[in-house]
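The structure appears below as structure tokens.
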Amino acid sequence: MREFKLNLELSLSWQNGKYRVFDSIFCEVLKKLKNAFKVKIRGKVAYVVTDGLNFSHGDTIAQAKEGLLYKLSNRDTSAYEGLPLDTIVTKAEAIQMYRVITGACEAGTRYFVENLKEVKDKYTIAELITLTAGQYNSEVFKKFFKGD
């Protein structure tokens with residue numbers, strides 16, 4: 001599945017790579033670096049780092065590299081195992097939970113939250129599954145709780 005998504009995202013490129021999609025985020029590529037890209041996302045300069053299979057966004061190259069390491073590291077999800085779908089979590093807990101379970105980078109997660117029409121202080125896990133549908137590794141998040 002990950003390889004399919006990578007191939008799909010690599011093919012989502014316009015004007016010879018000037019516009020690309022990385023982890024479901026549309027970017028204007030300003031400069032291609034060795035294993036990174038300097039990009040513009042909604043008018044703001046950012047960076048995308050890749051290891052060839054994974055991408056990570058950040059406001060700086062260092063932030064993007066740190067995010068990539070986070071994606072590749074073993075993330076302890078034991079604190080979330082067995083939680084029922086009606087469990088209520090704070091916004092901060094929801095963000096941390098999603099990042100740990102899916103490996104989503106901090107910048108991509110922040111971008112998603114900033115572009116929500118409404119941000120609540122608390123959510124149920126069931127609401128989070130619906131809210132994040134179609135986002136980075138959302139199926140991993142859903143399967144973690146629903147086992148589908």
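Chain labels follow the order of the structure tokens: the first chain is A, the next B, and so on; residue numbering restarts at 1 in every chain, and ligands are counted from 1 in their shown order.
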
Tell me which protein, DNA and RNA residues are within 9 Å of Val89 in chain A, counting only C-alpha atoms, leaving out same-chain ones fewer than 5 positions away, and put them as number ranges by chain. A: 94, 121-125

Using the selection just defined, write its residues with all heavy atoms as a CSV table (one decimal), in the first residue's frame.
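Wrote result-v2.csv, looks like this:
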chain,number,residue,atom,x,y,z
A,94,ALA,N,-5.2,14.3,21.0
A,94,ALA,CA,-5.6,13.8,19.7
A,94,ALA,C,-4.4,14.0,18.7
A,94,ALA,O,-4.1,13.0,17.9
A,94,ALA,CB,-6.8,14.6,19.2
A,121,ASP,N,-12.0,21.7,21.4
A,121,ASP,CA,-11.1,21.4,22.5
A,121,ASP,C,-11.0,20.0,22.8
A,121,ASP,O,-10.0,19.5,23.3
A,121,ASP,CB,-11.5,22.2,23.8
A,121,ASP,CG,-11.4,23.7,23.6
A,121,ASP,OD1,-10.5,24.1,22.9
A,121,ASP,OD2,-12.1,24.4,24.3
A,122,LYS,N,-12.1,19.2,22.5
A,122,LYS,CA,-12.1,17.8,22.8
A,122,LYS,C,-12.8,17.0,21.7
A,122,LYS,O,-13.7,17.5,21.1
A,122,LYS,CB,-12.8,17.5,24.1
A,122,LYS,CG,-12.1,18.1,25.3
A,122,LYS,CD,-12.8,17.8,26.6
A,122,LYS,CE,-12.0,18.4,27.8
A,122,LYS,NZ,-12.5,18.1,29.1
A,123,TYR,N,-12.4,15.7,21.5
A,123,TYR,CA,-12.9,14.9,20.5
A,123,TYR,C,-13.0,13.5,21.0
A,123,TYR,O,-12.2,13.1,21.9
A,123,TYR,CB,-12.0,14.8,19.3
A,123,TYR,CG,-11.8,16.1,18.5
A,123,TYR,CD1,-10.9,17.0,18.8
A,123,TYR,CD2,-12.7,16.4,17.4
A,123,TYR,CE1,-10.7,18.2,18.1
A,123,TYR,CE2,-12.6,17.5,16.7
A,123,TYR,CZ,-11.6,18.5,17.1
A,123,TYR,OH,-11.4,19.6,16.4
A,124,THR,N,-14.0,12.7,20.5
A,124,THR,CA,-14.0,11.3,20.7
A,124,THR,C,-13.1,10.6,19.7
A,124,THR,O,-12.8,11.2,18.6
A,124,THR,CB,-15.4,10.6,20.6
A,124,THR,OG1,-15.8,10.7,19.3
A,124,THR,CG2,-16.4,11.3,21.6
A,125,ILE,N,-12.6,9.4,19.9
A,125,ILE,CA,-11.8,8.7,19.0
A,125,ILE,C,-12.6,8.5,17.7
A,125,ILE,O,-12.1,8.6,16.6
A,125,ILE,CB,-11.2,7.4,19.5
A,125,ILE,CG1,-10.2,7.8,20.6
A,125,ILE,CG2,-10.6,6.6,18.5
A,125,ILE,CD1,-9.7,6.6,21.4

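Summary of the local environment: counting only C-alpha atoms, residues at most 7 Å from range 44-47 of chain A, other than itself and those fewer than 4 positions away along its chain, are Ala36, Phe37, Lys38, Val39, Lys40, His57, Gly58, Asp59, Thr60, Ile61 and Ala64 of chain A.
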
Counting only C-alpha atoms, what is within 10 Å of range 79-87 of chain A, bar same-chain residues fewer than 6 positions away, as an MDAnalysis selection string? chainID A and resid 97 100:101 123:129 144:146

Would you output that residue set with C-alpha atoms, as a compact mmCIF listing (two decimals), in the first residue's frame?
# COMPACT_ATOMS: atom_id res chain seq x y z
CA MET A 97 -2.14 10.13 19.31
CA VAL A 100 2.30 8.30 17.17
CA ILE A 101 -0.07 5.84 15.49
CA TYR A 123 -12.91 14.87 20.48
CA THR A 124 -13.98 11.26 20.73
CA ILE A 125 -11.80 8.74 18.95
CA ALA A 126 -14.75 7.99 16.64
CA GLU A 127 -14.87 11.70 15.68
CA LEU A 128 -11.12 11.67 15.00
CA ILE A 129 -11.45 8.68 12.69
CA PHE A 144 -5.70 0.64 15.07
CA PHE A 145 -8.99 1.33 16.84
CA LYS A 146 -11.52 -0.57 14.75

From the DSSP assignment of the backbone, select every residue of chain A that is strand (DSSP E), and format the answer as a ChimeraX atom specification. /A:13-14,19-22,25-32,36-41,44-50,55-58,88-90,122-124

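CA of Arg75 in chain A to CA of Phe22 in chain A spans 21.8 Å [interatomic distance, one decimal].
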
Which residues are close to Val140 in chain A, i.e. within 12 Å by only C-alpha atoms, leaving aside same-chain residues fewer than 5 positions away? Reply as a list in words. Met1, Arg2, Tyr98, Arg99, Val100, Ile101, Thr102, Gly103, Ala104, Ile129, Thr132, Ala133, Gly134, Gln135, Phe145, Lys146, Gly147 and Asp148 of chain A
